[in-house]
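Structure file query_10.pdb with PDB, C-alpha atoms and all ligand atoms:
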MODEL        1
ATOM      1  CA  MET A 634     106.468  86.785 105.244
ATOM      2  CA  THR A 635     108.856  89.693 104.930
ATOM      3  CA  LEU A 636     108.614  91.693 101.801
ATOM      4  CA  ILE A 637     111.740  93.471 100.670
ATOM      5  CA  ALA A 638     109.762  95.813  98.508
ATOM      6  CA  ALA A 639     106.214  96.108  99.685
ATOM      7  CA  THR A 640     103.860  97.511  97.105
ATOM      8  CA  PRO A 641     100.900  99.732  98.017
ATOM      9  CA  ALA A 642      98.497  96.862  97.543
ATOM     10  CA  GLN A 643     100.775  94.512  99.490
ATOM     11  CA  ARG A 644     100.600  92.095  96.649
ATOM     12  CA  LYS A 645     102.969  89.186  96.537
ATOM     13  CA  LEU A 646     106.250  89.538  94.681
ATOM     14  CA  SER A 647     105.310  86.642  92.479
ATOM     15  CA  ASP A 648     102.506  88.772  91.119
ATOM     16  CA  SER A 649     105.196  90.684  89.308
ATOM     17  CA  TYR A 650     104.653  90.269  85.662
ATOM     18  CA  ILE A 651     106.848  87.644  83.972
ATOM     19  CA  THR A 652     106.763  86.796  80.288
ATOM     20  CA  VAL A 653     109.038  84.928  77.923
ATOM     21  CA  ALA A 654     110.585  87.377  75.458
ATOM     22  CA  ARG A 655     109.767  86.710  71.833
ATOM     23  CA  TRP A 656     113.495  86.531  70.966
ATOM     24  CA  ARG A 657     116.690  86.192  72.967
ATOM     25  CA  GLY A 658     117.642  89.359  74.815
ATOM     26  CA  ASP A 659     114.137  90.756  74.159
ATOM     27  CA  ARG A 660     115.321  91.891  70.744
ATOM     28  CA  ALA A 661     112.707  92.866  68.183
ATOM     29  CA  ALA A 662     113.584  90.270  65.548
ATOM     30  CA  ALA A 663     115.782  87.290  64.732
ATOM     31  CA  ILE A 664     117.888  86.517  61.675
ATOM     32  CA  SER A 665     119.597  83.303  60.591
ATOM     33  CA  TYR A 666     121.991  83.410  57.667
ATOM     34  CA  THR A 667     122.110  80.105  55.823
ATOM     35  CA  PHE A 668     124.562  79.177  53.050
ATOM     36  CA  ASP A 669     123.799  76.114  50.940
ATOM     37  CA  ASP A 670     125.936  73.571  49.052
ATOM     38  CA  GLY A 671     129.266  73.656  50.942
ATOM     39  CA  THR A 672     131.207  75.586  48.325
ATOM     40  CA  ILE A 673     134.744  76.710  49.027
ATOM     41  CA  ASP A 674     133.863  80.425  49.063
ATOM     42  CA  HIS A 675     131.946  79.768  52.279
ATOM     43  CA  LEU A 676     135.282  78.843  53.830
ATOM     44  CA  THR A 677     137.423  81.526  52.186
ATOM     45  CA  ILE A 678     134.986  84.474  52.192
ATOM     46  CA  VAL A 679     131.812  83.949  54.228
ATOM     47  CA  ALA A 680     132.928  82.300  57.473
ATOM     48  CA  PRO A 681     135.873  84.729  57.990
ATOM     49  CA  MET A 682     133.494  87.669  57.450
ATOM     50  CA  PHE A 683     131.052  86.400  60.073
ATOM     51  CA  ASP A 684     133.961  85.574  62.409
ATOM     52  CA  ARG A 685     135.293  89.118  62.084
ATOM     53  CA  TYR A 686     131.941  90.464  63.245
ATOM     54  CA  GLY A 687     131.443  87.792  65.922
ATOM     55  CA  LEU A 688     128.290  86.539  64.190
ATOM     56  CA  LYS A 689     127.205  82.947  63.575
ATOM     57  CA  ALA A 690     125.883  81.409  60.367
ATOM     58  CA  THR A 691     124.556  78.049  59.216
ATOM     59  CA  PHE A 692     126.192  76.076  56.407
ATOM     60  CA  PHE A 693     124.079  73.375  54.795
ATOM     61  CA  ILE A 694     126.452  70.883  53.197
ATOM     62  CA  ASN A 695     126.253  67.815  50.992
ATOM     63  CA  PRO A 696     128.480  65.253  52.751
ATOM     64  CA  GLY A 697     128.989  63.214  49.546
ATOM     65  CA  ARG A 698     130.712  66.251  48.037
ATOM     66  CA  THR A 699     132.657  66.866  51.234
ATOM     67  CA  ASP A 700     133.864  63.232  51.129
ATOM     68  CA  ARG A 701     135.136  63.656  47.582
ATOM     69  CA  ALA A 702     136.790  67.001  48.378
ATOM     70  CA  SER A 703     138.577  65.285  51.273
ATOM     71  CA  ALA A 704     139.806  62.452  49.054
ATOM     72  CA  ALA A 705     140.975  64.859  46.357
ATOM     73  CA  THR A 706     142.883  67.471  48.321
ATOM     74  CA  GLN A 707     145.468  66.244  50.788
ATOM     75  CA  PRO A 708     146.662  68.520  52.264
ATOM     76  CA  ALA A 709     143.757  70.912  51.915
ATOM     77  CA  ASP A 710     144.125  73.517  49.217
ATOM     78  CA  PRO A 711     141.178  75.892  49.467
ATOM     79  CA  TYR A 712     141.796  77.359  46.024
ATOM     80  CA  ARG A 713     141.765  74.072  44.141
ATOM     81  CA  SER A 714     138.537  72.514  45.293
ATOM     82  CA  GLU A 715     135.013  73.643  44.495
ATOM     83  CA  TYR A 716     133.762  72.269  47.834
ATOM     84  CA  PHE A 717     135.389  72.366  51.250
ATOM     85  CA  ASN A 718     136.667  69.136  52.804
ATOM     86  CA  TRP A 719     136.039  67.702  56.280
ATOM     87  CA  HIS A 720     139.114  69.313  57.786
ATOM     88  CA  GLN A 721     137.901  72.702  56.574
ATOM     89  CA  CYS A 722     134.339  71.888  57.629
ATOM     90  CA  ARG A 723     135.541  71.175  61.170
ATOM     91  CA  ALA A 724     137.319  74.548  61.237
ATOM     92  CA  ILE A 725     134.013  76.267  60.386
ATOM     93  CA  ALA A 726     132.136  74.252  63.031
ATOM     94  CA  HIS A 727     134.770  74.948  65.691
ATOM     95  CA  ALA A 728     134.350  78.681  65.081
ATOM     96  CA  GLY A 729     130.779  78.245  66.364
ATOM     97  CA  HIS A 730     128.884  78.043  63.089
ATOM     98  CA  GLU A 731     126.264  75.405  62.470
ATOM     99  CA  ILE A 732     126.813  72.634  59.950
ATOM    100  CA  GLY A 733     123.468  71.340  58.720
ATOM    101  CA  CYS A 734     122.610  68.720  56.118
ATOM    102  CA  HIS A 735     121.467  69.487  52.577
ATOM    103  CA  GLY A 736     121.208  65.859  51.346
ATOM    104  CA  MET A 737     124.108  63.495  50.621
ATOM    105  CA  GLU A 738     124.373  64.450  46.940
ATOM    106  CA  HIS A 739     121.903  67.309  46.448
ATOM    107  CA  GLN A 740     119.384  65.110  44.627
ATOM    108  CA  ARG A 741     115.803  65.841  43.689
ATOM    109  CA  LEU A 742     114.174  63.934  46.542
ATOM    110  CA  ALA A 743     110.884  63.357  44.685
ATOM    111  CA  ALA A 744     112.710  61.159  42.164
ATOM    112  CA  LEU A 745     114.206  58.781  44.755
ATOM    113  CA  ASP A 746     113.060  55.404  46.098
ATOM    114  CA  ASP A 747     113.009  54.607  49.840
ATOM    115  CA  ARG A 748     116.539  53.243  49.949
ATOM    116  CA  GLN A 749     117.940  56.284  48.163
ATOM    117  CA  LEU A 750     115.995  58.623  50.449
ATOM    118  CA  VAL A 751     117.570  56.969  53.493
ATOM    119  CA  ARG A 752     121.004  57.595  52.020
ATOM    120  CA  GLU A 753     120.268  61.249  51.192
ATOM    121  CA  ILE A 754     118.672  62.054  54.542
ATOM    122  CA  VAL A 755     119.735  59.579  57.242
ATOM    123  CA  THR A 756     123.165  58.326  56.097
ATOM    124  CA  ALA A 757     124.113  61.914  55.223
ATOM    125  CA  LYS A 758     123.321  63.030  58.790
ATOM    126  CA  LYS A 759     125.443  60.178  60.184
ATOM    127  CA  ARG A 760     128.389  61.141  57.944
ATOM    128  CA  ILE A 761     128.308  64.710  59.264
ATOM    129  CA  GLU A 762     128.095  63.533  62.875
ATOM    130  CA  GLU A 763     130.948  61.041  62.426
ATOM    131  CA  GLU A 764     133.203  63.757  61.052
ATOM    132  CA  LEU A 765     132.222  66.602  63.374
ATOM    133  CA  HIS A 766     131.588  64.649  66.593
ATOM    134  CA  ARG A 767     128.479  66.673  67.316
ATOM    135  CA  PRO A 768     124.793  66.254  66.500
ATOM    136  CA  CYS A 769     123.573  67.457  63.114
ATOM    137  CA  LEU A 770     120.207  69.010  63.938
ATOM    138  CA  SER A 771     119.004  70.809  60.811
ATOM    139  CA  PHE A 772     118.077  69.757  57.301
ATOM    140  CA  ALA A 773     117.620  72.053  54.293
ATOM    141  CA  TYR A 774     115.680  70.483  51.435
ATOM    142  CA  PRO A 775     117.618  70.501  48.123
ATOM    143  CA  PHE A 776     115.828  72.711  45.577
ATOM    144  CA  ASN A 777     113.449  73.595  48.458
ATOM    145  CA  GLU A 778     111.291  70.637  47.371
ATOM    146  CA  ARG A 779     109.589  68.699  50.160
ATOM    147  CA  PRO A 780     107.923  65.518  48.903
ATOM    148  CA  ASP A 781     105.898  63.661  51.559
ATOM    149  CA  ALA A 782     108.120  60.567  51.902
ATOM    150  CA  ALA A 783     111.227  62.719  52.328
ATOM    151  CA  GLN A 784     109.498  65.021  54.760
ATOM    152  CA  LYS A 785     108.473  62.078  56.921
ATOM    153  CA  LEU A 786     112.043  60.790  57.061
ATOM    154  CA  VAL A 787     113.417  64.251  57.823
ATOM    155  CA  GLU A 788     110.945  64.733  60.665
ATOM    156  CA  GLN A 789     111.953  61.366  62.164
ATOM    157  CA  ASN A 790     115.646  62.202  62.057
ATOM    158  CA  TYR A 791     116.094  65.951  62.462
ATOM    159  CA  PRO A 792     114.543  68.249  65.057
ATOM    160  CA  PHE A 793     114.679  71.162  62.582
ATOM    161  CA  ALA A 794     114.175  71.601  58.847
ATOM    162  CA  THR A 795     113.719  74.501  56.487
ATOM    163  CA  GLY A 796     110.237  75.266  55.250
ATOM    164  CA  GLY A 797     109.409  77.469  52.316
ATOM    165  CA  GLU A 798     110.148  80.577  54.284
ATOM    166  CA  ARG A 799     113.758  81.389  53.422
ATOM    167  CA  VAL A 800     114.498  84.788  51.889
ATOM    168  CA  ARG A 801     116.596  84.564  48.749
ATOM    169  CA  PHE A 802     119.963  86.326  49.068
ATOM    170  CA  GLY A 803     121.335  86.088  45.537
ATOM    171  CA  GLY A 804     120.920  86.915  41.867
ATOM    172  CA  ALA A 805     122.470  89.458  39.530
ATOM    173  CA  HIS A 806     120.356  92.321  40.850
ATOM    174  CA  PHE A 807     120.781  91.603  44.540
ATOM    175  CA  THR A 808     122.220  94.521  46.502
ATOM    176  CA  ALA A 809     123.135  95.293  50.104
ATOM    177  CA  LYS A 810     120.326  97.842  50.054
ATOM    178  CA  ARG A 811     117.793  95.148  49.236
ATOM    179  CA  ALA A 812     119.172  92.922  51.999
ATOM    180  CA  ASN A 813     119.003  95.810  54.477
ATOM    181  CA  LYS A 814     115.391  96.493  53.495
ATOM    182  CA  ALA A 815     114.498  92.879  54.237
ATOM    183  CA  VAL A 816     116.029  93.302  57.692
ATOM    184  CA  GLU A 817     114.100  96.513  58.254
ATOM    185  CA  ARG A 818     110.841  94.742  57.431
ATOM    186  CA  THR A 819     111.767  91.900  59.778
ATOM    187  CA  ILE A 820     112.358  94.342  62.624
ATOM    188  CA  GLU A 821     109.020  96.019  61.946
ATOM    189  CA  GLY A 822     107.195  92.694  61.874
ATOM    190  CA  GLY A 823     109.009  91.232  64.887
ATOM    191  CA  GLY A 824     109.660  88.009  63.014
ATOM    192  CA  TRP A 825     112.484  85.678  62.074
ATOM    193  CA  MET A 826     114.172  86.107  58.728
ATOM    194  CA  ILE A 827     116.059  83.128  57.353
ATOM    195  CA  ALA A 828     118.363  84.313  54.595
ATOM    196  CA  MET A 829     119.191  81.716  51.933
ATOM    197  CA  ALA A 830     122.465  82.265  50.108
ATOM    198  CA  HIS A 831     124.658  80.139  47.854
ATOM    199  CA  GLY A 832     127.931  81.086  46.202
ATOM    200  CA  ILE A 833     129.734  84.414  46.279
ATOM    201  CA  GLY A 834     130.541  85.779  42.830
ATOM    202  CA  SER A 835     130.071  82.411  41.098
ATOM    203  CA  GLY A 836     128.112  79.148  41.367
ATOM    204  CA  PHE A 837     124.352  78.770  41.680
ATOM    205  CA  ASP A 838     122.313  81.964  42.204
ATOM    206  CA  PRO A 839     125.330  83.753  43.686
ATOM    207  CA  LEU A 840     125.579  86.980  45.569
ATOM    208  CA  PRO A 841     127.271  89.260  43.004
ATOM    209  CA  SER A 842     130.193  89.960  45.358
ATOM    210  CA  GLY A 843     131.529  89.509  48.860
ATOM    211  CA  THR A 844     131.366  93.286  49.241
ATOM    212  CA  ILE A 845     127.564  93.141  49.226
ATOM    213  CA  LEU A 846     127.600  90.712  52.129
ATOM    214  CA  ALA A 847     130.205  92.799  53.997
ATOM    215  CA  ASP A 848     128.195  95.996  53.492
ATOM    216  CA  HIS A 849     125.043  94.256  54.650
ATOM    217  CA  LEU A 850     126.705  92.841  57.772
ATOM    218  CA  ASP A 851     128.049  96.310  58.530
ATOM    219  CA  TYR A 852     124.464  97.563  58.503
ATOM    220  CA  VAL A 853     123.262  94.650  60.621
ATOM    221  CA  ARG A 854     126.014  95.255  63.155
ATOM    222  CA  GLN A 855     124.648  98.717  63.812
ATOM    223  CA  HIS A 856     121.283  97.251  64.750
ATOM    224  CA  LEU A 857     122.278  94.447  67.082
ATOM    225  CA  ASP A 858     120.248  96.045  69.870
ATOM    226  CA  LYS A 859     117.167  95.096  67.850
ATOM    227  CA  LEU A 860     118.415  91.979  66.093
ATOM    228  CA  TRP A 861     119.264  88.541  67.363
ATOM    229  CA  ILE A 862     121.602  86.900  64.845
ATOM    230  CA  GLU A 863     121.920  83.184  65.457
ATOM    231  CA  THR A 864     122.175  79.846  63.689
ATOM    232  CA  PHE A 865     119.123  78.157  62.243
ATOM    233  CA  ALA A 866     119.177  75.453  64.952
ATOM    234  CA  ASP A 867     119.504  77.894  67.857
ATOM    235  CA  VAL A 868     116.678  80.180  66.750
ATOM    236  CA  SER A 869     114.561  77.068  66.046
ATOM    237  CA  ARG A 870     115.290  75.848  69.568
ATOM    238  CA  TYR A 871     114.372  79.166  71.106
ATOM    239  CA  GLN A 872     111.131  79.391  69.157
ATOM    240  CA  ARG A 873     109.982  75.891  70.156
ATOM    241  CA  GLU A 874     110.964  76.366  73.788
ATOM    242  CA  ARG A 875     109.271  79.743  73.952
ATOM    243  CA  ASP A 876     106.044  78.240  72.658
ATOM    244  CA  ALA A 877     106.213  75.232  75.021
ATOM    245  CA  ALA A 878     107.479  77.041  78.138
ATOM    246  CA  GLN A 879     105.687  76.966  81.445
ATOM    247  CA  VAL A 880     106.984  79.560  83.863
ATOM    248  CA  LEU A 881     106.433  78.765  87.518
ATOM    249  CA  VAL A 882     106.846  81.646  89.945
ATOM    250  CA  THR A 883     106.649  81.301  93.721
ATOM    251  CA  ASP A 884     107.499  83.527  96.693
ATOM    252  CA  THR A 885     110.188  82.416  99.096
ATOM    253  CA  GLN A 886     110.075  82.969 102.872
ATOM    254  CA  ASP A 887     112.708  85.694 102.694
ATOM    255  CA  GLY A 888     111.100  87.863 100.053
ATOM    256  CA  ALA A 889     112.655  86.644  96.852
ATOM    257  CA  ILE A 890     110.827  85.107  93.944
ATOM    258  CA  ARG A 891     111.708  81.715  92.694
ATOM    259  CA  VAL A 892     111.487  81.275  88.938
ATOM    260  CA  GLU A 893     111.421  77.938  87.207
ATOM    261  CA  VAL A 894     111.011  77.390  83.494
ATOM    262  CA  ASN A 895     110.002  74.020  82.114
ATOM    263  CA  CYS A 896     109.421  72.749  78.611
ATOM    264  CA  ARG A 897     108.198  69.286  79.529
ATOM    265  CA  SER A 898     107.026  68.371  76.054
ATOM    266  CA  LEU A 899     110.531  68.865  74.592
ATOM    267  CA  ASP A 900     113.631  66.642  74.705
ATOM    268  CA  PRO A 901     116.011  68.314  77.211
ATOM    269  CA  THR A 902     119.107  66.910  75.466
ATOM    270  CA  ILE A 903     118.275  69.036  72.415
ATOM    271  CA  PHE A 904     116.275  71.922  73.825
ATOM    272  CA  ASP A 905     118.755  73.584  76.151
ATOM    273  CA  GLU A 906     118.778  77.064  74.650
ATOM    274  CA  PRO A 907     118.349  79.735  77.357
ATOM    275  CA  LEU A 908     115.082  81.656  77.208
ATOM    276  CA  THR A 909     114.955  85.346  78.054
ATOM    277  CA  LEU A 910     112.385  86.278  80.678
ATOM    278  CA  ARG A 911     111.115  89.838  80.950
ATOM    279  CA  ILE A 912     110.418  90.707  84.540
ATOM    280  CA  GLN A 913     108.474  93.758  85.476
ATOM    281  CA  SER A 914     109.289  94.972  88.949
ATOM    282  CA  PRO A 915     106.407  94.880  91.444
ATOM    283  CA  ASN A 916     107.325  98.271  92.909
ATOM    284  CA  ALA A 917     106.860 100.761  90.145
ATOM    285  CA  GLY A 918     109.981 102.681  89.266
ATOM    286  CA  SER A 919     112.428 100.176  90.654
ATOM    287  CA  VAL A 920     113.718  97.709  88.155
ATOM    288  CA  SER A 921     117.051  96.674  89.549
ATOM    289  CA  ALA A 922     117.275  93.144  90.724
ATOM    290  CA  THR A 923     119.801  90.516  91.652
ATOM    291  CA  LEU A 924     119.744  86.942  90.604
ATOM    292  CA  GLU A 925     121.016  83.973  92.568
ATOM    293  CA  ARG A 926     121.966  80.931  90.640
ATOM    294  CA  ASP A 927     123.981  78.013  91.975
ATOM    295  CA  GLY A 928     124.704  80.064  95.087
ATOM    296  CA  SER A 929     126.267  83.002  93.241
ATOM    297  CA  VAL A 930     124.662  86.410  92.843
ATOM    298  CA  VAL A 931     124.619  88.401  89.631
ATOM    299  CA  LYS A 932     123.126  91.796  88.948
ATOM    300  CA  VAL A 933     120.293  91.800  86.441
ATOM    301  CA  ALA A 934     120.578  94.306  83.639
ATOM    302  CA  PRO A 935     117.397  96.368  83.363
ATOM    303  CA  ALA A 936     115.819  96.566  79.924
ATOM    304  CA  THR A 937     115.361  99.900  78.222
ATOM    305  CA  ASP A 938     111.619  99.837  78.784
ATOM    306  CA  GLY A 939     111.984  99.349  82.537
ATOM    307  CA  ASN A 940     111.733  95.591  82.660
ATOM    308  CA  ALA A 941     114.537  93.408  83.909
ATOM    309  CA  LEU A 942     115.750  90.600  81.663
ATOM    310  CA  ILE A 943     117.129  87.258  82.752
ATOM    311  CA  ASP A 944     118.168  84.243  80.721
ATOM    312  CA  VAL A 945     117.006  80.921  82.115
ATOM    313  CA  THR A 946     117.635  77.496  80.629
ATOM    314  CA  PRO A 947     114.509  75.341  80.759
ATOM    315  CA  GLY A 948     114.757  72.682  83.425
ATOM    316  CA  GLU A 949     117.897  74.317  84.833
ATOM    317  CA  ALA A 950     118.864  72.496  88.027
ATOM    318  CA  GLY A 951     117.743  74.611  90.973
ATOM    319  CA  ALA A 952     115.425  77.443  90.102
ATOM    320  CA  VAL A 953     116.798  80.951  89.932
ATOM    321  CA  LEU A 954     115.985  83.318  92.780
ATOM    322  CA  LEU A 955     115.223  86.906  91.940
ATOM    323  CA  ARG A 956     115.375  89.771  94.424
ATOM    324  CA  PHE A 957     114.225  93.262  93.632
ATOM    325  CA  THR A 958     116.329  96.045  95.094
ATOM    326  CA  ARG A 959     115.659  99.743  95.511
TER     327      ARG A 959
HETATM  328 ZN    ZN B1001     121.350  73.570  47.299
ENDMDL
END
As structure tokens, what does this structure read like?
Amino acid sequence: MTLIAATPAQRKLSDSYITVARWRGDRAAAISYTFDDGTIDHLTIVAPMFDRYGLKATFFINPGRTDRASAATQPADPYRSEYFNWHQCRAIAHAGHEIGCHGMEHQRLAALDDRQLVREIVTAKKRIEEELHRPCLSFAYPFNERPDAAQKLVEQNYPFATGGERVRFGGAHFTAKRANKAVERTIEGGGWMIAMAHGIGSGFDPLPSGTILADHLDYVRQHLDKLWIETFADVSRYQRERDAAQVLVTDTQDGAIRVEVNCRSLDPTIFDEPLTLRIQSPNAGSVSATLERDGSVVKVAPATDGNALIDVTPGEAGAVLLRFTR
């Protein structure tokens, strides 16, 4: 076997150290911004703000309300309706944001019988999928209450659901400074913060103003080297794949390493989020590498700490080939 970069110990290239990064791009922490209840200010204020910064958010809607908003406003008049309609919802989805389900009518799930639970959880999901022509993957429990019967139905129908872990973004005393502090703590802890917001300026537990959100996003934008901002579904995907991933590394005859990532326990039609692999070069000091995928060669960007990073989709047809260069 010919080694392109022989190491002093003549160890195989596949001995090079490969790990799955905790978050995409090997960033320190992840954040998902979630906005509940499908109110019109999400269309007029929030989505445009995220679009301006190229960031994605998740909007948990109540399709019963969206149905009524659609029946009431033809053509759509964003300033007349409390909730956005399907046409407006599609515009948000087409901009790359996630539309999740928050129950058909925002009911207290503990008070419902089986038939009503099916309507709130299963029929609501179908309504969203019919209107958006894409899978609805995430459920946010109304009032953050998770009775057993509802939880069972949610788990059968949605790959992802909110737990009790969302960080409240709202209330009269909420400030951009407080939001920024929460981000700082998330970076320090290396975790995933899921921000839970409702209206802007009015409605339930609102953020006092849009300016607070804008100021906060300005802060976040300056830390994108450390922060992965993505939708609730995409960070959920990454987290599950990361925990299930098996990375298979083998040497090829011509001195490259062949990297395959599999998440066999997960449904490949849902779990297709690329995972970031950190690859430490076998020959100390040299971290540049090229990557061959589907016959084409791309240069791998070295990470700041001397490790190369590559994104690989689990089960990707044809493993990627990695070559270290001096
Ligand atoms: Zn709600």
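Taking atom CA of Leu765 of chain A and atom CA of Gly671 of chain A as endpoints, the distance between them is 14.6 Å.
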Hey, which residues sit close to ligand ZN 1001 (chain B)? Say within 9 Å, counting all atoms listed in the file, and write them as an mmCIF file with C-alpha atoms, keeping the file's coordinate frame.
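Dumped to part13.cif:
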data_model
loop_
_atom_site.group_PDB
_atom_site.id
_atom_site.type_symbol
_atom_site.label_atom_id
_atom_site.label_comp_id
_atom_site.auth_asym_id
_atom_site.auth_seq_id
_atom_site.Cartn_x
_atom_site.Cartn_y
_atom_site.Cartn_z
ATOM 1 C CA PHE A 668 124.562 79.177 53.050
ATOM 2 C CA ASP A 669 123.799 76.114 50.940
ATOM 3 C CA ASP A 670 125.936 73.571 49.052
ATOM 4 C CA GLY A 671 129.266 73.656 50.942
ATOM 5 C CA PHE A 693 124.079 73.375 54.795
ATOM 6 C CA ILE A 694 126.452 70.883 53.197
ATOM 7 C CA ASN A 695 126.253 67.815 50.992
ATOM 8 C CA HIS A 735 121.467 69.487 52.577
ATOM 9 C CA GLY A 736 121.208 65.859 51.346
ATOM 10 C CA HIS A 739 121.903 67.309 46.448
ATOM 11 C CA ALA A 773 117.620 72.053 54.293
ATOM 12 C CA TYR A 774 115.680 70.483 51.435
ATOM 13 C CA PRO A 775 117.618 70.501 48.123
ATOM 14 C CA PHE A 776 115.828 72.711 45.577
ATOM 15 C CA ASN A 777 113.449 73.595 48.458
ATOM 16 C CA HIS A 831 124.658 80.139 47.854
ATOM 17 C CA PHE A 837 124.352 78.770 41.680
#
message = For Ala828 of chain A, find every residue with an atom within 9 Å (counting only C-alpha atoms), except residues of its own chain fewer than 4 positions away, and show them as an MDAnalysis selection string.
response = chainID A and resid 664:668 799:802
Counting all atoms listed in the file, which residues of segment 675-745 of chain A fall within 8 Å of segment 847-867 of chain A, and what is the closest atom pair for each with its distance in Å at one decimal, ordered by chain and rising number, as a Markdown table?
| residue | atom | partner | partner_atom | distance |
| --- | --- | --- | --- | --- |
| A:Met682 | CA | A:Ala847 | CA | 7.0 |
| A:Tyr686 | CA | A:Arg854 | CA | 7.6 |
| A:Leu688 | CA | A:Ile862 | CA | 6.7 |
| A:Lys689 | CA | A:Glu863 | CA | 5.6 |
| A:Ala690 | CA | A:Thr864 | CA | 5.2 |
| A:Thr691 | CA | A:Thr864 | CA | 5.4 |
| A:His730 | CA | A:Thr864 | CA | 7.0 |
| A:Glu731 | CA | A:Thr864 | CA | 6.2 |
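A distance cut-off of 10 Å around (108.0, 87.1, 79.8), counting all atoms listed in the file, selects these protein and nucleic acid residues: A:Tyr650, A:Ile651, A:Thr652, A:Val653, A:Ala654, A:Arg655, A:Asp659, A:Arg875, A:Val880, A:Leu908, A:Thr909, A:Leu910, A:Arg911, A:Ile912, A:Gln913, A:Asn940, A:Ala941, A:Leu942, A:Ile943.
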Quick one: everything within 10 Å of Thr699 of chain A, counting only C-alpha atoms, minus sequence neighbours fewer than 4 positions away in the same chain. Send it as a PDB file with C-alpha atoms, in the frame of the given file.
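The result, stored in selection_24.pdb:
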ATOM      1  CA  ASP A 670     125.936  73.571  49.052  1.00  0.00           C
ATOM      2  CA  GLY A 671     129.266  73.656  50.942  1.00  0.00           C
ATOM      3  CA  THR A 672     131.207  75.586  48.325  1.00  0.00           C
ATOM      4  CA  ILE A 694     126.452  70.883  53.197  1.00  0.00           C
ATOM      5  CA  ASN A 695     126.253  67.815  50.992  1.00  0.00           C
ATOM      6  CA  SER A 703     138.577  65.285  51.273  1.00  0.00           C
ATOM      7  CA  ALA A 704     139.806  62.452  49.054  1.00  0.00           C
ATOM      8  CA  ALA A 705     140.975  64.859  46.357  1.00  0.00           C
ATOM      9  CA  GLU A 715     135.013  73.643  44.495  1.00  0.00           C
ATOM     10  CA  TYR A 716     133.762  72.269  47.834  1.00  0.00           C
ATOM     11  CA  PHE A 717     135.389  72.366  51.250  1.00  0.00           C
ATOM     12  CA  ASN A 718     136.667  69.136  52.804  1.00  0.00           C
ATOM     13  CA  TRP A 719     136.039  67.702  56.280  1.00  0.00           C
ATOM     14  CA  HIS A 720     139.114  69.313  57.786  1.00  0.00           C
ATOM     15  CA  GLN A 721     137.901  72.702  56.574  1.00  0.00           C
ATOM     16  CA  CYS A 722     134.339  71.888  57.629  1.00  0.00           C
ATOM     17  CA  MET A 737     124.108  63.495  50.621  1.00  0.00           C
ATOM     18  CA  GLU A 738     124.373  64.450  46.940  1.00  0.00           C
ATOM     19  CA  ARG A 760     128.389  61.141  57.944  1.00  0.00           C
ATOM     20  CA  ILE A 761     128.308  64.710  59.264  1.00  0.00           C
TER      21      ILE A 761
END
key: A:Thr756, A:Gln784, A:Thr946, A:Thr795 ranked by distance to Tyr871 of chain A, top pick (using all atoms listed in the file)   =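 That would be A:Thr946, the residue with the smallest distance to Tyr871 of chain A.
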ask   = In Å, with one decimal, what is the gap from atom CA of Gly687 of chain A to atom CA of Cys769 of chain A?
value =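 Separation between atom CA of Gly687 of chain A and atom CA of Cys769 of chain A: 22.0 Å.
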message = One decimal, in Å: what's the spacing between atom CA of Glu821 of chain A and atom CA of Ala662 of chain A?
response =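 Those two atoms sit 8.2 Å apart.
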How big is the axis-aligned box around all listed atoms of segment 809-813 of chain A once 4 Å goes on each side, and where's its centre, in Å to one decimal, as AutoDock Vina command-line options?
--center_x 120.5 --center_y 95.4 --center_z 51.9 --size_x 13.3 --size_y 12.9 --size_z 13.2
Output as a tab-separated table (two decimals), in the coordinates of the input: segment 753-761 of chain A, completed with N, CA and C atoms.
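Once written, rebuild08.tsv looks like this:
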chain	number	residue	atom	x	y	z
A	753	GLU	N	120.22	59.79	51.30
A	753	GLU	CA	120.27	61.25	51.19
A	753	GLU	C	120.02	61.95	52.54
A	754	ILE	N	119.13	61.35	53.34
A	754	ILE	CA	118.67	62.05	54.54
A	754	ILE	C	119.29	61.50	55.82
A	755	VAL	N	119.28	60.18	55.98
A	755	VAL	CA	119.74	59.58	57.24
A	755	VAL	C	121.24	59.29	57.23
A	756	THR	N	121.72	58.62	56.17
A	756	THR	CA	123.16	58.33	56.10
A	756	THR	C	123.97	59.63	56.04
A	757	ALA	N	123.43	60.62	55.35
A	757	ALA	CA	124.11	61.91	55.22
A	757	ALA	C	124.29	62.56	56.60
A	758	LYS	N	123.25	62.48	57.42
A	758	LYS	CA	123.32	63.03	58.79
A	758	LYS	C	124.42	62.31	59.59
A	759	LYS	N	124.44	60.97	59.45
A	759	LYS	CA	125.44	60.18	60.18
A	759	LYS	C	126.86	60.54	59.76
A	760	ARG	N	127.05	60.76	58.44
A	760	ARG	CA	128.39	61.14	57.94
A	760	ARG	C	128.84	62.44	58.61
A	761	ILE	N	127.95	63.41	58.67
A	761	ILE	CA	128.31	64.71	59.26
A	761	ILE	C	128.65	64.52	60.74
